[in-house]
Amino acid sequence: FFLMLRLRANILRAQCSSLARTFTTARPLRDSDFGAAHLHPSIPRLLASPIKSGSGSYLELEDGRKILDYTTGIGVCNTGHCHPRVVEAATEQTKKIIHSQLYMGFSRPVLNLMDRLVDIMPDPSLDSFLFQNSGSEAVENAVKLAKMATNRPNVIVMDGSFHGRTYAASSFTNSKAIYRKGARPEMGGIQVTNFPYCFHCDHVHSVNGCCMKSAPHINEIFKKQVDPSDVAAIMLEPVLGEGGYVVPPAEYVQSLRKICDEHGILLILDEVQSGFGRTGKWFAHEHFDVRADILIMAKGIASGFPLSAVAANRSLMEKQPIGTVGGTYAGNAVACAAACATIDVIQDEGLLQNSLDRGEQLREGLKELHNLSTKVDIRGLGSMNAIEFKGASYGTVSKITGICASNGVLLLTTSSYETVRFIPPLNTTKEEMDTCIEVFIKATKEVVE
């Protein structure tokens with residue numbers, strides 16, 4: 001009898017102890033004020049409420065609001081938020097293996113991903129891949145590859161470019177001074193050339209087209225600053241990203257390709273923001289009929305899972321000895337499974353064509369704003385579009401996007417000029433785009449007129 005009482009007492013104490021641990025370890029739900037007090041203070045937020053969930057083109061906030069998200073995590077969720085096929089692929093992969101590391105052996109998803117990437121590469125010469133986690137990592141590895149393959153020290157980049165915020169990547173970046181503030185001197189061996197920005201050009205276009213179509217400033221750099229035999233690569237975004245979603249004339253990009261061929265320079269195309277259907281083709285440079293020697297990919301590759309890649313010909317990558325490249329999480333199995341599903345969704349659901357259609361719908365809808373007293377430039381390819389307000393006072397577009405957010409549409413500003421960019425999911429609907437156009441035009445007229 002006493003033994004039974006003692007046993008029951010021990011069981012009760014154990015249950016109470018377990019209950020006490022549950023109470024003491026349960027975490028309270030913190031609000032945005034808590035997050036703001038502990039997150040790095042240089043990272044701002046557009047939304048006051050925490051984000052509860054996302055589905056398709058919409059975000060649901062913890063305050064109960066539903067908002068049309070035309071930022072897509074800054075061009076990441078090209079298949080929309082939580083596409084069922086991407087969710088299923090990632091979920092199933094977590095039941096098999098989450099991380100193995102490529103040094104140990106190939107995971108099935110990384111093999112499946114390379115199989116798909118080979119099929120969608122714009123040129124068969126891009127037959128080998130290096131996987132990383134972010135755009136900045138991919139950029140730095142691309143430049144490292146170019147320097148090692150050519151044994152040359154210099155790189156030419158574009159005015160208005162954005163290649164990342166890490167130390168080396170920010171050294172290549174010229175879209176805003178803030179990205180390099182306090183980090184000078186930046187990495188050496190970098191020359192900056194002009195990017196054709198016709199909306200800000202003082203020359204009147206002639207029948208001969210853009211005054212920069214032959215890339216004349218490159219030759220000025222060769223004469224005055226660095227001999228072409230010392231240049232490893234010319235690197236550019238085929239469509240400027242943070243620089244304002246500026247689309248160059250095809251002849252300009254083709255001239256860069258010709259210059260590279262003449263001098264044994266490698267052409268690096270940074271498609272971090274413009275790739276995976278964003279412009280209506282798998283990669284933006286396909287619009288210009290040029291070939292990349294090194295192609296950089298990230299953002300839309302895996303619908304939100306951290307993954308990036310560098311593609312090049314095997315003959316280039318063979319010039320990097322074993323041990324010179326790698327990364328702990330590079331080619332993560334779950335991210336690669338999500339990337340495979342992303343590519344399949346873009347193909348199977350016709351999202352390249354929808355990207356073209358919705359982009360044309362947006363640009364056509366915004367033409368009403370040409371009637372404003374302020375001069376505007378509506379530009380873009382596919383679903384990578386922007387509108388710039390020339391001569392508008394500083395903060396104009398922030399006011400516009402703030403009003404849009406209050407009315408259920410989330411948009412981002414970009415560039416050092418007064419510019420708004422539109423980055424919808426590639427599977428957004430005609431009706432959703434109509435909603436965006438209506439809200440944006442109303443907000444713009446409220447601020448500008």
# chains A, B, ... in the order shown; residues from 1 in each chain; ligands from 1

$ residues_around --residues "stretch 411-427 of chain A" --least-positions-apart "3" --cutoff "6 Å" --atoms "only C-alpha atoms" --output "list in words"
Tyr70, Thr71, Gly75, Asn78, Thr79, Gly80, Glu242, Gly243, Gly244, Leu351, Ser355, Met384, Asn385, Ala386, Ile387, Glu388, Phe389, Val397 and Thr401 of chain A

$ write_last_selection --atoms "N, CA, C and O atoms" --output "PDB file, in the first residue's frame"
ATOM      1  N   TYR A  70       2.826  42.969 -54.776  1.00  0.00           N
ATOM      2  CA  TYR A  70       3.549  43.105 -56.030  1.00  0.00           C
ATOM      3  C   TYR A  70       5.013  43.487 -55.765  1.00  0.00           C
ATOM      4  O   TYR A  70       5.620  44.266 -56.508  1.00  0.00           O
ATOM      5  N   THR A  71       5.546  42.923 -54.680  1.00  0.00           N
ATOM      6  CA  THR A  71       6.987  42.982 -54.406  1.00  0.00           C
ATOM      7  C   THR A  71       7.599  41.585 -54.472  1.00  0.00           C
ATOM      8  O   THR A  71       8.779  41.440 -54.758  1.00  0.00           O
ATOM      9  N   GLY A  75      11.256  40.236 -55.923  1.00  0.00           N
ATOM     10  CA  GLY A  75      11.483  39.437 -57.126  1.00  0.00           C
ATOM     11  C   GLY A  75      11.876  38.003 -56.865  1.00  0.00           C
ATOM     12  O   GLY A  75      12.540  37.385 -57.711  1.00  0.00           O
ATOM     13  N   ASN A  78       8.475  34.123 -57.721  1.00  0.00           N
ATOM     14  CA  ASN A  78       7.955  34.243 -59.082  1.00  0.00           C
ATOM     15  C   ASN A  78       6.741  33.357 -59.313  1.00  0.00           C
ATOM     16  O   ASN A  78       5.908  33.649 -60.174  1.00  0.00           O
ATOM     17  N   THR A  79       6.617  32.269 -58.571  1.00  0.00           N
ATOM     18  CA  THR A  79       5.459  31.385 -58.704  1.00  0.00           C
ATOM     19  C   THR A  79       4.372  31.737 -57.697  1.00  0.00           C
ATOM     20  O   THR A  79       3.430  30.963 -57.499  1.00  0.00           O
ATOM     21  N   GLY A  80       4.479  32.889 -57.070  1.00  0.00           N
ATOM     22  CA  GLY A  80       3.516  33.298 -56.051  1.00  0.00           C
ATOM     23  C   GLY A  80       3.894  32.732 -54.697  1.00  0.00           C
ATOM     24  O   GLY A  80       4.779  31.880 -54.571  1.00  0.00           O
ATOM     25  N   GLU A 242      18.101  47.511 -59.005  1.00  0.00           N
ATOM     26  CA  GLU A 242      17.984  48.616 -58.053  1.00  0.00           C
ATOM     27  C   GLU A 242      18.275  49.963 -58.721  1.00  0.00           C
ATOM     28  O   GLU A 242      17.925  51.012 -58.186  1.00  0.00           O
ATOM     29  N   GLY A 243      18.892  49.935 -59.883  1.00  0.00           N
ATOM     30  CA  GLY A 243      19.176  51.164 -60.605  1.00  0.00           C
ATOM     31  C   GLY A 243      17.972  51.763 -61.300  1.00  0.00           C
ATOM     32  O   GLY A 243      18.078  52.827 -61.898  1.00  0.00           O
ATOM     33  N   GLY A 244      16.813  51.071 -61.259  1.00  0.00           N
ATOM     34  CA  GLY A 244      15.608  51.675 -61.802  1.00  0.00           C
ATOM     35  C   GLY A 244      14.859  50.884 -62.849  1.00  0.00           C
ATOM     36  O   GLY A 244      14.007  51.434 -63.538  1.00  0.00           O
ATOM     37  N   LEU A 351       3.881  30.311 -67.506  1.00  0.00           N
ATOM     38  CA  LEU A 351       4.109  31.576 -66.805  1.00  0.00           C
ATOM     39  C   LEU A 351       4.987  32.547 -67.586  1.00  0.00           C
ATOM     40  O   LEU A 351       4.946  33.752 -67.325  1.00  0.00           O
ATOM     41  N   SER A 355       3.714  36.255 -67.920  1.00  0.00           N
ATOM     42  CA  SER A 355       4.586  37.371 -67.554  1.00  0.00           C
ATOM     43  C   SER A 355       4.548  38.454 -68.633  1.00  0.00           C
ATOM     44  O   SER A 355       4.441  39.648 -68.323  1.00  0.00           O
ATOM     45  N   MET A 384       8.758  42.842 -65.350  1.00  0.00           N
ATOM     46  CA  MET A 384       9.776  43.633 -64.663  1.00  0.00           C
ATOM     47  C   MET A 384       9.624  45.070 -65.150  1.00  0.00           C
ATOM     48  O   MET A 384      10.208  45.463 -66.152  1.00  0.00           O
ATOM     49  N   ASN A 385       8.807  45.846 -64.433  1.00  0.00           N
ATOM     50  CA  ASN A 385       8.402  47.162 -64.923  1.00  0.00           C
ATOM     51  C   ASN A 385       8.576  48.247 -63.872  1.00  0.00           C
ATOM     52  O   ASN A 385       8.590  47.970 -62.670  1.00  0.00           O
ATOM     53  N   ALA A 386       8.682  49.482 -64.366  1.00  0.00           N
ATOM     54  CA  ALA A 386       8.837  50.627 -63.471  1.00  0.00           C
ATOM     55  C   ALA A 386       8.213  51.851 -64.105  1.00  0.00           C
ATOM     56  O   ALA A 386       8.015  51.926 -65.325  1.00  0.00           O
ATOM     57  N   ILE A 387       7.911  52.816 -63.250  1.00  0.00           N
ATOM     58  CA  ILE A 387       7.491  54.138 -63.703  1.00  0.00           C
ATOM     59  C   ILE A 387       8.309  55.168 -62.946  1.00  0.00           C
ATOM     60  O   ILE A 387       8.456  55.087 -61.731  1.00  0.00           O
ATOM     61  N   GLU A 388       8.898  56.103 -63.682  1.00  0.00           N
ATOM     62  CA  GLU A 388       9.734  57.151 -63.078  1.00  0.00           C
ATOM     63  C   GLU A 388       9.094  58.512 -63.301  1.00  0.00           C
ATOM     64  O   GLU A 388       8.589  58.803 -64.389  1.00  0.00           O
ATOM     65  N   PHE A 389       9.136  59.343 -62.271  1.00  0.00           N
ATOM     66  CA  PHE A 389       8.569  60.686 -62.317  1.00  0.00           C
ATOM     67  C   PHE A 389       9.716  61.690 -62.379  1.00  0.00           C
ATOM     68  O   PHE A 389      10.394  61.941 -61.379  1.00  0.00           O
ATOM     69  N   VAL A 397       7.532  59.264 -54.568  1.00  0.00           N
ATOM     70  CA  VAL A 397       7.104  57.883 -54.798  1.00  0.00           C
ATOM     71  C   VAL A 397       6.906  57.125 -53.483  1.00  0.00           C
ATOM     72  O   VAL A 397       6.095  56.193 -53.416  1.00  0.00           O
ATOM     73  N   THR A 401       3.554  54.961 -52.786  1.00  0.00           N
ATOM     74  CA  THR A 401       3.534  53.561 -52.360  1.00  0.00           C
ATOM     75  C   THR A 401       2.936  53.409 -50.961  1.00  0.00           C
ATOM     76  O   THR A 401       2.323  52.390 -50.656  1.00  0.00           O
TER      77      THR A 401
END

$ select_by_dssp --residues "stretch 30-164 of chain A" --states "helix (DSSP H, G or I)" --output "PyMOL selection string"
chain A and resi 32-38+72-75+84-94+108-120+135-150

$ select_by_dssp --residues "stretch 309-394 of chain A" --states "strand (DSSP E)" --output "list of chain:residue names"
A:Ala309, A:Val310, A:Ala311, A:Ala312, A:Lys375, A:Val376, A:Asp377, A:Ile378, A:Arg379, A:Gly380, A:Leu381, A:Met384, A:Asn385, A:Ala386, A:Ile387, A:Glu388, A:Phe389, A:Lys390

$ write_last_selection --atoms "C-alpha atoms" --output "JSON list (two decimals), in the first residue's frame"
[["chain", "number", "residue", "atom", "x", "y", "z"],
["A", 309, "ALA", "CA", 24.00, 29.63, -58.95],
["A", 310, "VAL", "CA", 26.78, 30.53, -61.34],
["A", 311, "ALA", "CA", 26.72, 28.94, -64.80],
["A", 312, "ALA", "CA", 29.68, 28.81, -67.18],
["A", 375, "LYS", "CA", 6.88, 63.82, -67.11],
["A", 376, "VAL", "CA", 6.84, 60.06, -66.58],
["A", 377, "ASP", "CA", 8.70, 57.13, -68.11],
["A", 378, "ILE", "CA", 6.90, 53.78, -68.19],
["A", 379, "ARG", "CA", 9.35, 51.03, -69.00],
["A", 380, "GLY", "CA", 10.06, 47.34, -68.65],
["A", 381, "LEU", "CA", 10.17, 43.87, -70.11],
["A", 384, "MET", "CA", 9.78, 43.63, -64.66],
["A", 385, "ASN", "CA", 8.40, 47.16, -64.92],
["A", 386, "ALA", "CA", 8.84, 50.63, -63.47],
["A", 387, "ILE", "CA", 7.49, 54.14, -63.70],
["A", 388, "GLU", "CA", 9.73, 57.15, -63.08],
["A", 389, "PHE", "CA", 8.57, 60.69, -62.32],
["A", 390, "LYS", "CA", 11.07, 63.14, -63.76]]

$ closest_residue --among "A:Asp357, A:Glu137, A:Asp344, A:Asp270" --to "A:Pro306" --atoms "only C-alpha atoms"
A:Glu137

$ closest_residue --among "A:Arg116, A:Tyr197, A:Gln320, A:His81" --to "A:Gln347" --atoms "only C-alpha atoms"
A:Arg116

$ residues_around --residues "A:Ser214" --least-positions-apart "3" --cutoff "8 Å" --atoms "only C-alpha atoms" --output "mmCIF file with C-alpha atoms, in the first residue's frame"
data_model
loop_
_atom_site.group_PDB
_atom_site.id
_atom_site.type_symbol
_atom_site.label_atom_id
_atom_site.label_comp_id
_atom_site.auth_asym_id
_atom_site.auth_seq_id
_atom_site.Cartn_x
_atom_site.Cartn_y
_atom_site.Cartn_z
ATOM 1 C CA CYS A 211 23.929 57.440 -78.838
ATOM 2 C CA GLU A 251 22.579 47.096 -79.741
ATOM 3 C CA TYR A 252 24.343 48.214 -76.568
ATOM 4 C CA SER A 255 28.307 45.846 -78.608
ATOM 5 C CA LEU A 256 29.555 44.687 -75.214
#

$ closest_residue --among "A:Ala146, A:Val345, A:Leu369, A:Val409" --to "A:Asp434" --atoms "only C-alpha atoms"
A:Val409

$ atom_distance --atom1 "atom CA of A:Gly350" --atom2 "atom CA of A:Val253"
27.6 Å

$ residues_around --residues "stretch 271-287 of chain A" --least-positions-apart "6" --cutoff "9 Å" --atoms "only C-alpha atoms" --output "number ranges by chain"
A: 74-76, 78, 120-122, 135, 138-139, 163, 236-241, 250, 253, 295-301, 308, 342-343, 346, 351-357, 359, 380-385, 423-426

$ closest_residue --among "A:Thr193, A:Asn371, A:Asn133, A:Asn154" --to "A:Gly304" --atoms "only C-alpha atoms"
A:Asn133

$ residues_around --residues "A:Ala232" --least-positions-apart "5" --cutoff "7 Å" --atoms "only C-alpha atoms" --output "ChimeraX atom specification"
/A:146-147,150,152-155,265-266

$ closest_residue --among "A:Ser100, A:Ser55, A:Asn141, A:Asn332" --to "A:Phe305" --atoms "only C-alpha atoms"
A:Asn332

$ closest_residue --among "A:Tyr58, A:Phe162, A:His40, A:Gly35" --to "A:Thr429" --atoms "only C-alpha atoms"
A:Tyr58

$ residues_around --residues "A:Glu446" --least-positions-apart "4" --cutoff "10 Å" --atoms "only C-alpha atoms" --output "list in words"
Lys399, Ile400, Ile403, Phe440, Ile441 and Lys442 of chain A

$ atom_distance --atom1 "atom CA of A:His38" --atom2 "atom CA of A:Ala302"
28.5 Å

$ atom_distance --atom1 "atom CA of A:Asp348" --atom2 "atom CA of A:Asp123"
21.6 Å

$ decode --residues "stretch 55-91 of chain A" --atoms "C-alpha atoms" --output "PDB file, in the first residue's frame"
ATOM      1  CA  SER A  55      -0.896  32.564 -50.854  1.00  0.00           C
ATOM      2  CA  GLY A  56      -0.570  33.325 -54.556  1.00  0.00           C
ATOM      3  CA  SER A  57      -0.425  37.089 -55.045  1.00  0.00           C
ATOM      4  CA  TYR A  58      -1.557  37.942 -51.525  1.00  0.00           C
ATOM      5  CA  LEU A  59      -0.127  38.359 -48.047  1.00  0.00           C
ATOM      6  CA  GLU A  60      -2.253  37.998 -44.919  1.00  0.00           C
ATOM      7  CA  LEU A  61      -1.157  40.142 -41.999  1.00  0.00           C
ATOM      8  CA  GLU A  62      -1.604  39.356 -38.315  1.00  0.00           C
ATOM      9  CA  ASP A  63      -3.836  42.414 -37.985  1.00  0.00           C
ATOM     10  CA  GLY A  64      -6.328  40.694 -40.307  1.00  0.00           C
ATOM     11  CA  ARG A  65      -5.605  42.649 -43.473  1.00  0.00           C
ATOM     12  CA  LYS A  66      -5.068  40.981 -46.841  1.00  0.00           C
ATOM     13  CA  ILE A  67      -2.739  42.795 -49.232  1.00  0.00           C
ATOM     14  CA  LEU A  68      -1.868  42.324 -52.912  1.00  0.00           C
ATOM     15  CA  ASP A  69       1.876  41.754 -52.928  1.00  0.00           C
ATOM     16  CA  TYR A  70       3.549  43.105 -56.030  1.00  0.00           C
ATOM     17  CA  THR A  71       6.987  42.982 -54.406  1.00  0.00           C
ATOM     18  CA  THR A  72       7.187  39.152 -54.226  1.00  0.00           C
ATOM     19  CA  GLY A  73       9.981  39.318 -51.656  1.00  0.00           C
ATOM     20  CA  ILE A  74      11.888  41.615 -54.064  1.00  0.00           C
ATOM     21  CA  GLY A  75      11.483  39.437 -57.126  1.00  0.00           C
ATOM     22  CA  VAL A  76      11.850  36.090 -55.372  1.00  0.00           C
ATOM     23  CA  CYS A  77       8.432  34.399 -55.316  1.00  0.00           C
ATOM     24  CA  ASN A  78       7.955  34.243 -59.082  1.00  0.00           C
ATOM     25  CA  THR A  79       5.459  31.385 -58.704  1.00  0.00           C
ATOM     26  CA  GLY A  80       3.516  33.298 -56.051  1.00  0.00           C
ATOM     27  CA  HIS A  81       3.501  32.717 -52.327  1.00  0.00           C
ATOM     28  CA  CYS A  82       3.449  29.066 -51.243  1.00  0.00           C
ATOM     29  CA  HIS A  83       2.671  27.523 -54.601  1.00  0.00           C
ATOM     30  CA  PRO A  84       1.251  24.061 -53.751  1.00  0.00           C
ATOM     31  CA  ARG A  85       3.730  22.192 -55.953  1.00  0.00           C
ATOM     32  CA  VAL A  86       6.712  24.028 -54.469  1.00  0.00           C
ATOM     33  CA  VAL A  87       5.413  23.451 -50.931  1.00  0.00           C
ATOM     34  CA  GLU A  88       4.874  19.762 -51.638  1.00  0.00           C
ATOM     35  CA  ALA A  89       8.330  19.307 -53.174  1.00  0.00           C
ATOM     36  CA  ALA A  90      10.060  20.980 -50.220  1.00  0.00           C
ATOM     37  CA  THR A  91       7.936  19.159 -47.640  1.00  0.00           C
TER      38      THR A  91
END
